[in-house]
Structure formats: C-alpha cells, structure tokens
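Trainee: My structure is stored as structure-v6.txt, with compact mmCIF, N, CA and C atoms.
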```txt
# COMPACT_ATOMS: atom_id res chain seq x y z
N MET A 1 110.96 95.04 82.61
CA MET A 1 109.86 95.64 81.91
C MET A 1 109.11 94.60 81.07
N ILE A 2 107.85 94.79 80.92
CA ILE A 2 107.04 93.95 80.06
C ILE A 2 107.12 94.53 78.65
N PRO A 3 107.34 93.69 77.61
CA PRO A 3 107.44 94.22 76.25
C PRO A 3 106.24 95.10 75.90
N GLY A 4 106.54 96.26 75.31
CA GLY A 4 105.48 97.17 74.92
C GLY A 4 105.01 98.10 76.02
N GLU A 5 105.48 97.88 77.25
CA GLU A 5 105.06 98.70 78.38
C GLU A 5 105.87 100.00 78.39
N PRO A 6 105.22 101.14 78.59
CA PRO A 6 105.98 102.38 78.68
C PRO A 6 106.91 102.34 79.89
N GLU A 7 108.06 102.99 79.77
CA GLU A 7 109.01 102.97 80.87
C GLU A 7 108.47 103.69 82.10
N THR A 8 107.66 104.71 81.88
CA THR A 8 107.05 105.41 83.00
C THR A 8 105.59 105.68 82.65
N SER A 9 104.80 105.84 83.67
CA SER A 9 103.41 106.21 83.49
C SER A 9 103.01 106.98 84.74
N GLU A 10 101.88 107.63 84.65
CA GLU A 10 101.37 108.36 85.82
C GLU A 10 101.16 107.41 86.99
N LEU A 11 100.61 106.23 86.72
CA LEU A 11 100.35 105.28 87.81
C LEU A 11 101.63 104.72 88.40
N ILE A 12 102.65 104.54 87.58
CA ILE A 12 103.95 104.10 88.10
C ILE A 12 104.49 105.18 89.04
N ALA A 13 104.43 106.43 88.62
CA ALA A 13 104.91 107.53 89.45
C ALA A 13 104.13 107.62 90.76
N ARG A 14 102.82 107.46 90.67
CA ARG A 14 101.98 107.52 91.88
C ARG A 14 102.27 106.33 92.81
N THR A 15 102.53 105.18 92.22
CA THR A 15 102.85 104.00 93.03
C THR A 15 104.21 104.17 93.70
N ARG A 16 105.18 104.71 92.98
CA ARG A 16 106.49 105.01 93.60
C ARG A 16 106.31 105.98 94.77
N ALA A 17 105.42 106.95 94.61
CA ALA A 17 105.18 107.93 95.68
C ALA A 17 104.63 107.26 96.93
N ILE A 18 103.81 106.22 96.74
CA ILE A 18 103.29 105.46 97.89
C ILE A 18 104.46 104.90 98.70
N TYR A 19 105.42 104.28 98.00
CA TYR A 19 106.54 103.66 98.70
C TYR A 19 107.48 104.69 99.31
N ALA A 20 107.64 105.83 98.67
CA ALA A 20 108.44 106.91 99.28
C ALA A 20 107.78 107.37 100.58
N SER A 21 106.45 107.48 100.56
CA SER A 21 105.72 107.88 101.77
C SER A 21 105.80 106.82 102.86
N LEU A 22 105.70 105.55 102.47
CA LEU A 22 105.85 104.48 103.46
C LEU A 22 107.24 104.51 104.08
N ASN A 23 108.26 104.70 103.24
CA ASN A 23 109.63 104.71 103.75
C ASN A 23 109.88 105.87 104.72
N SER A 24 109.17 106.98 104.54
CA SER A 24 109.33 108.10 105.46
C SER A 24 108.29 108.08 106.57
N ARG A 25 107.47 107.01 106.58
CA ARG A 25 106.41 106.83 107.58
C ARG A 25 105.40 107.97 107.57
N ASP A 26 105.14 108.49 106.39
CA ASP A 26 104.14 109.54 106.23
C ASP A 26 102.80 108.88 105.87
N PHE A 27 102.14 108.37 106.89
CA PHE A 27 100.92 107.60 106.68
C PHE A 27 99.75 108.47 106.21
N ASP A 28 99.79 109.76 106.53
CA ASP A 28 98.76 110.66 106.02
C ASP A 28 98.85 110.75 104.50
N ALA A 29 100.08 110.84 103.98
CA ALA A 29 100.26 110.90 102.52
C ALA A 29 99.84 109.58 101.88
N VAL A 30 100.14 108.47 102.54
CA VAL A 30 99.76 107.15 102.00
C VAL A 30 98.24 107.04 101.93
N THR A 31 97.57 107.31 103.03
CA THR A 31 96.11 107.12 103.05
C THR A 31 95.40 108.13 102.16
N ALA A 32 96.00 109.31 101.93
CA ALA A 32 95.39 110.29 101.03
C ALA A 32 95.37 109.79 99.59
N MET A 33 96.21 108.82 99.25
CA MET A 33 96.25 108.27 97.90
C MET A 33 95.17 107.21 97.67
N PHE A 34 94.49 106.81 98.73
CA PHE A 34 93.42 105.82 98.62
C PHE A 34 92.09 106.51 98.35
N ALA A 35 91.24 105.82 97.61
CA ALA A 35 89.85 106.25 97.47
C ALA A 35 89.22 106.19 98.87
N PRO A 36 88.18 106.98 99.13
CA PRO A 36 87.58 106.98 100.47
C PRO A 36 87.22 105.58 100.98
N ALA A 37 86.74 104.71 100.10
CA ALA A 37 86.38 103.34 100.50
C ALA A 37 87.46 102.34 100.07
N GLY A 38 88.68 102.82 99.89
CA GLY A 38 89.77 101.95 99.45
C GLY A 38 90.03 100.80 100.41
N VAL A 39 90.69 99.77 99.90
CA VAL A 39 90.94 98.55 100.67
C VAL A 39 92.42 98.20 100.62
N TRP A 40 92.97 97.83 101.77
CA TRP A 40 94.33 97.30 101.91
C TRP A 40 94.13 95.85 102.32
N ASP A 41 94.39 94.93 101.40
CA ASP A 41 94.10 93.51 101.62
C ASP A 41 95.40 92.74 101.86
N VAL A 42 95.59 92.30 103.09
CA VAL A 42 96.75 91.49 103.46
C VAL A 42 96.28 90.13 103.99
N THR A 43 95.17 89.67 103.43
CA THR A 43 94.58 88.40 103.84
C THR A 43 95.54 87.24 103.66
N SER A 44 96.30 87.24 102.56
CA SER A 44 97.21 86.11 102.33
C SER A 44 98.33 86.05 103.36
N TRP A 45 98.51 87.11 104.13
CA TRP A 45 99.51 87.14 105.19
C TRP A 45 98.87 86.88 106.56
N GLY A 46 97.57 86.60 106.56
CA GLY A 46 96.87 86.35 107.82
C GLY A 46 96.54 87.62 108.58
N LEU A 47 96.55 88.77 107.90
CA LEU A 47 96.31 90.05 108.58
C LEU A 47 95.00 90.70 108.17
N GLY A 48 94.19 89.99 107.42
CA GLY A 48 92.87 90.49 107.07
C GLY A 48 92.87 91.56 106.01
N SER A 49 91.74 92.25 105.94
CA SER A 49 91.52 93.29 104.94
C SER A 49 91.04 94.54 105.67
N LYS A 50 91.61 95.68 105.32
CA LYS A 50 91.27 96.94 105.97
C LYS A 50 90.55 97.83 104.96
N SER A 51 89.37 98.31 105.31
CA SER A 51 88.56 99.13 104.40
C SER A 51 88.43 100.55 104.93
N GLY A 52 88.65 101.51 104.04
CA GLY A 52 88.54 102.92 104.41
C GLY A 52 89.87 103.49 104.87
N ARG A 53 90.03 104.78 104.63
CA ARG A 53 91.31 105.44 104.94
C ARG A 53 91.70 105.33 106.41
N GLU A 54 90.73 105.51 107.31
CA GLU A 54 91.04 105.48 108.74
C GLU A 54 91.52 104.09 109.17
N ALA A 55 90.85 103.04 108.70
CA ALA A 55 91.26 101.67 109.04
C ALA A 55 92.64 101.36 108.47
N ILE A 56 92.90 101.84 107.26
CA ILE A 56 94.21 101.61 106.65
C ILE A 56 95.29 102.34 107.43
N ARG A 57 95.02 103.59 107.81
CA ARG A 57 96.02 104.34 108.58
C ARG A 57 96.29 103.66 109.91
N HIS A 58 95.25 103.20 110.59
CA HIS A 58 95.42 102.51 111.87
C HIS A 58 96.29 101.26 111.69
N PHE A 59 96.02 100.48 110.66
CA PHE A 59 96.81 99.28 110.38
C PHE A 59 98.28 99.65 110.15
N LEU A 60 98.53 100.65 109.32
CA LEU A 60 99.91 101.05 109.02
C LEU A 60 100.64 101.53 110.27
N THR A 61 99.94 102.32 111.09
CA THR A 61 100.54 102.82 112.33
C THR A 61 100.90 101.68 113.26
N ASP A 62 100.02 100.70 113.41
CA ASP A 62 100.30 99.54 114.26
C ASP A 62 101.45 98.71 113.71
N TRP A 63 101.41 98.41 112.41
CA TRP A 63 102.42 97.55 111.79
C TRP A 63 103.80 98.20 111.86
N PHE A 64 103.92 99.43 111.40
CA PHE A 64 105.22 100.09 111.34
C PHE A 64 105.68 100.56 112.71
N GLY A 65 104.73 100.77 113.62
CA GLY A 65 105.09 101.17 114.97
C GLY A 65 105.90 100.13 115.70
N SER A 66 105.79 98.87 115.31
CA SER A 66 106.56 97.80 115.96
C SER A 66 107.97 97.68 115.40
N LEU A 67 108.30 98.50 114.40
CA LEU A 67 109.60 98.41 113.75
C LEU A 67 110.46 99.65 114.04
N ALA A 68 111.69 99.41 114.47
CA ALA A 68 112.62 100.51 114.71
C ALA A 68 113.15 101.05 113.39
N GLU A 69 113.31 100.17 112.42
CA GLU A 69 113.78 100.55 111.09
C GLU A 69 112.91 99.88 110.05
N TYR A 70 112.70 100.57 108.93
CA TYR A 70 111.86 100.00 107.88
C TYR A 70 112.18 100.66 106.55
N GLU A 71 112.22 99.84 105.51
CA GLU A 71 112.41 100.34 104.15
C GLU A 71 111.76 99.37 103.18
N VAL A 72 111.10 99.92 102.17
CA VAL A 72 110.59 99.11 101.06
C VAL A 72 111.49 99.36 99.87
N ARG A 73 111.99 98.28 99.30
CA ARG A 73 112.81 98.39 98.09
C ARG A 73 112.01 97.83 96.92
N ILE A 74 111.78 98.68 95.93
CA ILE A 74 111.03 98.26 94.76
C ILE A 74 111.95 97.47 93.84
N GLU A 75 111.56 96.24 93.54
CA GLU A 75 112.34 95.39 92.63
C GLU A 75 111.77 95.42 91.21
N GLU A 76 110.44 95.49 91.11
CA GLU A 76 109.75 95.55 89.82
C GLU A 76 108.52 96.43 89.99
N LEU A 77 108.16 97.09 88.90
CA LEU A 77 106.95 97.91 88.89
C LEU A 77 106.43 97.93 87.46
N HIS A 78 105.19 97.44 87.27
CA HIS A 78 104.61 97.30 85.92
C HIS A 78 103.21 97.88 85.88
N ASP A 79 102.99 98.78 84.92
CA ASP A 79 101.66 99.30 84.64
C ASP A 79 101.05 98.37 83.60
N LEU A 80 100.05 97.58 84.00
CA LEU A 80 99.44 96.60 83.11
C LEU A 80 98.25 97.17 82.34
N GLY A 81 97.96 98.43 82.56
CA GLY A 81 96.83 99.06 81.89
C GLY A 81 95.55 98.89 82.70
N ALA A 82 94.55 99.66 82.33
CA ALA A 82 93.22 99.58 82.96
C ALA A 82 93.27 99.84 84.46
N GLY A 83 94.25 100.63 84.91
CA GLY A 83 94.34 100.98 86.32
C GLY A 83 95.01 99.96 87.20
N VAL A 84 95.67 98.97 86.62
CA VAL A 84 96.30 97.90 87.40
C VAL A 84 97.82 98.06 87.37
N VAL A 85 98.43 98.07 88.54
CA VAL A 85 99.88 98.13 88.68
C VAL A 85 100.33 96.95 89.53
N LEU A 86 101.33 96.26 89.03
CA LEU A 86 101.94 95.13 89.75
C LEU A 86 103.31 95.58 90.24
N ALA A 87 103.58 95.33 91.50
CA ALA A 87 104.88 95.63 92.08
C ALA A 87 105.45 94.35 92.67
N VAL A 88 106.76 94.27 92.71
CA VAL A 88 107.45 93.26 93.50
C VAL A 88 108.37 94.06 94.41
N VAL A 89 108.21 93.88 95.71
CA VAL A 89 108.96 94.68 96.66
C VAL A 89 109.62 93.80 97.72
N LEU A 90 110.69 94.31 98.26
CA LEU A 90 111.36 93.68 99.39
C LEU A 90 111.23 94.64 100.56
N GLN A 91 110.59 94.19 101.61
CA GLN A 91 110.46 94.99 102.83
C GLN A 91 111.58 94.56 103.77
N VAL A 92 112.33 95.53 104.23
CA VAL A 92 113.45 95.27 105.13
C VAL A 92 113.21 96.06 106.40
N GLY A 93 113.27 95.39 107.53
CA GLY A 93 113.02 96.08 108.78
C GLY A 93 113.75 95.44 109.94
N ARG A 94 113.64 96.11 111.06
CA ARG A 94 114.19 95.59 112.30
C ARG A 94 113.24 95.98 113.41
N ARG A 95 112.83 94.98 114.18
CA ARG A 95 111.92 95.24 115.30
C ARG A 95 112.65 95.99 116.40
N THR A 96 111.91 96.78 117.12
CA THR A 96 112.46 97.51 118.25
C THR A 96 113.08 96.52 119.24
N GLY A 97 114.30 96.78 119.65
CA GLY A 97 114.99 95.93 120.61
C GLY A 97 115.64 94.70 120.01
N SER A 98 115.61 94.55 118.70
CA SER A 98 116.19 93.38 118.05
C SER A 98 117.37 93.79 117.17
N ARG A 99 118.34 92.91 117.05
CA ARG A 99 119.46 93.15 116.14
C ARG A 99 119.22 92.52 114.78
N GLY A 100 118.37 91.51 114.75
CA GLY A 100 118.11 90.77 113.51
C GLY A 100 117.28 91.57 112.52
N GLU A 101 117.60 91.37 111.27
CA GLU A 101 116.88 92.05 110.20
C GLU A 101 115.76 91.16 109.68
N LEU A 102 114.62 91.77 109.44
CA LEU A 102 113.46 91.09 108.89
C LEU A 102 113.39 91.44 107.41
N GLN A 103 113.29 90.43 106.54
CA GLN A 103 113.14 90.67 105.10
C GLN A 103 111.94 89.90 104.59
N VAL A 104 111.04 90.61 103.92
CA VAL A 104 109.83 90.00 103.39
C VAL A 104 109.64 90.48 101.95
N ARG A 105 109.56 89.54 101.03
CA ARG A 105 109.28 89.86 99.62
C ARG A 105 107.79 89.63 99.40
N SER A 106 107.17 90.58 98.72
CA SER A 106 105.75 90.44 98.40
C SER A 106 105.49 91.06 97.03
N ALA A 107 104.31 90.79 96.53
CA ALA A 107 103.90 91.33 95.23
C ALA A 107 102.54 92.01 95.39
N PRO A 108 102.55 93.29 95.66
CA PRO A 108 101.29 94.03 95.74
C PRO A 108 100.71 94.28 94.35
N VAL A 109 99.40 94.14 94.26
CA VAL A 109 98.67 94.47 93.04
C VAL A 109 97.78 95.65 93.39
N PHE A 110 98.03 96.78 92.72
CA PHE A 110 97.27 98.01 92.95
C PHE A 110 96.18 98.13 91.91
N LEU A 111 95.00 98.49 92.36
CA LEU A 111 93.88 98.78 91.48
C LEU A 111 93.52 100.26 91.70
N TRP A 112 93.85 101.07 90.70
CA TRP A 112 93.61 102.51 90.76
C TRP A 112 92.31 102.85 90.03
N ASP A 113 91.58 103.83 90.56
CA ASP A 113 90.44 104.38 89.83
C ASP A 113 90.51 105.90 89.92
N GLN A 114 89.48 106.59 89.50
CA GLN A 114 89.50 108.04 89.45
C GLN A 114 89.65 108.67 90.83
N ASP A 115 89.33 107.95 91.90
CA ASP A 115 89.42 108.48 93.25
C ASP A 115 90.72 108.14 93.96
N GLY A 116 91.58 107.37 93.32
CA GLY A 116 92.84 106.95 93.95
C GLY A 116 92.94 105.43 93.94
N ILE A 117 93.54 104.89 94.97
CA ILE A 117 93.69 103.44 95.06
C ILE A 117 92.37 102.85 95.54
N ALA A 118 91.74 102.04 94.70
CA ALA A 118 90.51 101.36 95.11
C ALA A 118 90.86 100.16 95.99
N GLN A 119 91.95 99.48 95.64
CA GLN A 119 92.38 98.31 96.42
C GLN A 119 93.84 98.02 96.13
N VAL A 120 94.54 97.59 97.17
CA VAL A 120 95.88 97.01 97.01
C VAL A 120 95.84 95.67 97.73
N THR A 121 96.26 94.65 97.01
CA THR A 121 96.28 93.29 97.57
C THR A 121 97.73 92.84 97.59
N LEU A 122 98.22 92.46 98.76
CA LEU A 122 99.59 91.99 98.89
C LEU A 122 99.61 90.47 98.83
N TYR A 123 100.31 89.96 97.83
CA TYR A 123 100.43 88.51 97.63
C TYR A 123 101.75 88.00 98.16
N ARG A 124 101.72 86.83 98.74
CA ARG A 124 102.94 86.15 99.16
C ARG A 124 103.60 85.47 97.96
N ASP A 125 102.78 84.90 97.09
CA ASP A 125 103.23 84.14 95.93
C ASP A 125 103.34 85.08 94.73
N LEU A 126 104.57 85.28 94.25
CA LEU A 126 104.80 86.24 93.17
C LEU A 126 104.10 85.84 91.88
N GLU A 127 104.11 84.57 91.56
CA GLU A 127 103.46 84.12 90.32
C GLU A 127 101.95 84.24 90.41
N ALA A 128 101.39 83.98 91.57
CA ALA A 128 99.95 84.16 91.75
C ALA A 128 99.59 85.64 91.59
N ALA A 129 100.45 86.52 92.07
CA ALA A 129 100.20 87.96 91.92
C ALA A 129 100.26 88.37 90.46
N ARG A 130 101.24 87.86 89.73
CA ARG A 130 101.36 88.19 88.30
C ARG A 130 100.10 87.76 87.54
N LEU A 131 99.65 86.56 87.81
CA LEU A 131 98.46 86.03 87.15
C LEU A 131 97.22 86.84 87.52
N ALA A 132 97.05 87.12 88.81
CA ALA A 132 95.89 87.89 89.27
C ALA A 132 95.89 89.29 88.66
N ALA A 133 97.06 89.93 88.61
CA ALA A 133 97.15 91.28 88.05
C ALA A 133 96.81 91.28 86.57
N GLN A 134 97.33 90.30 85.84
CA GLN A 134 97.06 90.22 84.41
C GLN A 134 95.57 89.98 84.14
N GLU A 135 94.98 89.06 84.89
CA GLU A 135 93.55 88.77 84.73
C GLU A 135 92.69 89.99 85.07
N LEU A 136 93.07 90.70 86.11
CA LEU A 136 92.33 91.90 86.51
C LEU A 136 92.43 92.98 85.43
N ALA A 137 93.62 93.19 84.91
CA ALA A 137 93.81 94.19 83.84
C ALA A 137 93.00 93.83 82.61
N GLU A 138 93.00 92.55 82.24
CA GLU A 138 92.25 92.11 81.06
C GLU A 138 90.75 92.27 81.27
N ALA A 139 90.26 91.91 82.46
CA ALA A 139 88.83 92.02 82.75
C ALA A 139 88.39 93.49 82.75
N ARG A 140 89.21 94.35 83.33
CA ARG A 140 88.87 95.78 83.35
C ARG A 140 88.93 96.38 81.95
N ALA A 141 89.88 95.94 81.14
CA ALA A 141 89.97 96.44 79.76
C ALA A 141 88.74 96.03 78.97
N LEU A 142 88.30 94.78 79.16
CA LEU A 142 87.09 94.31 78.47
C LEU A 142 85.85 95.08 78.93
N ALA A 143 85.86 95.50 80.18
CA ALA A 143 84.73 96.25 80.71
C ALA A 143 84.77 97.72 80.31
N GLY A 144 85.83 98.11 79.57
CA GLY A 144 85.90 99.46 79.05
C GLY A 144 86.66 100.45 79.92
N TYR A 145 87.33 99.97 80.97
CA TYR A 145 88.12 100.88 81.79
C TYR A 145 89.39 101.23 81.03
N ALA A 146 89.64 102.50 80.85
CA ALA A 146 90.84 102.93 80.09
C ALA A 146 92.03 103.07 80.99
```
Show how you would write the structure in this file as structure tokens.

Mentor:
Amino acid sequence: MIPGEPETSELIARTRAIYASLNSRDFDAVTAMFAPAGVWDVTSWGLGSKSGREAIRHFLTDWFGSLAEYEVRIEELHDLGAGVVLAVVLQVGRRTGSRGELQVRSAPVFLWDQDGIAQVTLYRDLEAARLAAQELAEARALAGYA
C-alpha cells in the first residue's frame, strides 16, 4: 500500500472485477467496463493499441483463445486518485498443446472516467509504469479531476 492510500476504493473494486472477468474469460463483462471509445494499449509489448469496445473484445478473444489455461494474479493494486489505478499483475497461462507454463509480469495503468475505463496501458517496465501512473494522477488532479 502507498502511505495514506485507502485500503479499498470503488476503483480498486472495479479493477479487481476486471481481473475476475478476465480469469473467467467473460469478455463481455470486461468490455462493458470500458468507455465506448476506451483504449487497450499494449504497444510496449508490440501488440499495438485497440480502440473501442468491439476492437478490445476481438483482441481479448484472439489473445486468450490461444491459451488452454489462463489466470491473472494481482500482486499490487493502488488507487492513485484522479481516476488512476496502478496494478502489478502476473499472468500465468499455458498454450493449447503445450506443457510449459507461460508467466508474464506487467504493470497496467488504468485511467477511469465517468463512462468507465478510458484507457488501460500495459507496461513491461514496472518502474516506468509507476512513474507514468503518478504523473498522470498528478496532471489530472491539477486539471481538477476528482
């Protein structure tokens, strides 16, 4: 926890719900949490940026469809204020027909607004994600976003 941060918040609960939906492969529930023009940005992983609920759902279906098993384990979750949530997650999966386990740690930064998730950016570099999330929260707070 970050000093002074509440142990729970509405955005923390909503972010946890995203991962519960991903773990059960309920992509309709995941995409319903996005704003209509929401963005799923996985550019740092070489997978581009997906805009809009339909594009996000298509990406999720393709990505998870290649995996026989999949689970996201939340390691950290921080509400930084101004609609910004930082997560550190471990994705564990196994491709269809493979015995080997795939493990990927990432740091998604969620930007929530009144319509849902405006953008989620998945970072490979955890420290870069922490810095980006903090800067985003500070900029939004200065702009008057509560």

Trainee: Interatomic distance between CA of Asp28 in chain A and CA of Ser106 in chain A?

Mentor: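 These two atoms are separated by 22.7 Å.
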
Trainee: Kindly indicate which residue among A:Gln119, A:Thr96, A:Ser9, A:Gln134 lies nearest to Trp63 in chain A, using only C-alpha atoms for the distances.

Mentor: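 Counting only C-alpha atoms, the residue closest to Trp63 in chain A is A:Thr96.
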
Trainee: What does the distance between atom C of Tyr145 in chain A and atom C of Gly81 in chain A come to in Å, to one decimal place?

Mentor: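 Between atom C of Tyr145 in chain A and atom C of Gly81 in chain A the gap is 6.8 Å.
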
Trainee: Here is a test: counting only C-alpha atoms, which residue of A:Glu71, A:Thr61, A:Arg95, A:Leu86 is nearest to Ala128 in chain A?

Mentor: A:Leu86

Trainee: Give me, as an mmCIF file with N, CA and C atoms, in the coordinates of the input, all polymer residues having an atom no more than 6 Å from Lys50 in chain A, counting only N, CA and C atoms and skipping those fewer than 3 positions away in the same chain.

Mentor:
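So the final result, stored in out.cif, reads:
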```cif
data_model
loop_
_atom_site.group_PDB
_atom_site.id
_atom_site.type_symbol
_atom_site.label_atom_id
_atom_site.label_comp_id
_atom_site.auth_asym_id
_atom_site.auth_seq_id
_atom_site.Cartn_x
_atom_site.Cartn_y
_atom_site.Cartn_z
ATOM 1 N N GLY A 38 88.680 102.820 99.890
ATOM 2 C CA GLY A 38 89.770 101.950 99.450
ATOM 3 C C GLY A 38 90.030 100.800 100.410
ATOM 4 N N VAL A 39 90.690 99.770 99.900
ATOM 5 C CA VAL A 39 90.940 98.550 100.670
ATOM 6 C C VAL A 39 92.420 98.200 100.620
ATOM 7 N N TRP A 40 92.970 97.830 101.770
ATOM 8 C CA TRP A 40 94.330 97.300 101.910
ATOM 9 C C TRP A 40 94.130 95.850 102.320
ATOM 10 N N ASP A 41 94.390 94.930 101.400
ATOM 11 C CA ASP A 41 94.100 93.510 101.620
ATOM 12 C C ASP A 41 95.400 92.740 101.860
ATOM 13 N N VAL A 42 95.590 92.300 103.090
ATOM 14 C CA VAL A 42 96.750 91.490 103.460
ATOM 15 C C VAL A 42 96.280 90.130 103.990
ATOM 16 N N ALA A 55 90.850 103.040 108.700
ATOM 17 C CA ALA A 55 91.260 101.670 109.040
ATOM 18 C C ALA A 55 92.640 101.360 108.470
ATOM 19 N N ILE A 56 92.900 101.840 107.260
ATOM 20 C CA ILE A 56 94.210 101.610 106.650
ATOM 21 C C ILE A 56 95.290 102.340 107.430
#
```

Trainee: Using DSSP on the backbone, list every residue of range 76-130 of chain A that comes out as helix (DSSP H, G or I), and give them as a ChimeraX atom specification.

Mentor: /A:126-130

Trainee: With 6 Å on each side, where is the centre of the axis-aligned box around all listed atoms of range 13-31 of chain A, and how long are its edges in Å to one decimal, as JSON?

Mentor:
```
{"center_x": 102.6, "center_y": 107.3, "center_z": 98.1, "size_x": 26.5, "size_y": 19.2, "size_z": 31.0}
```
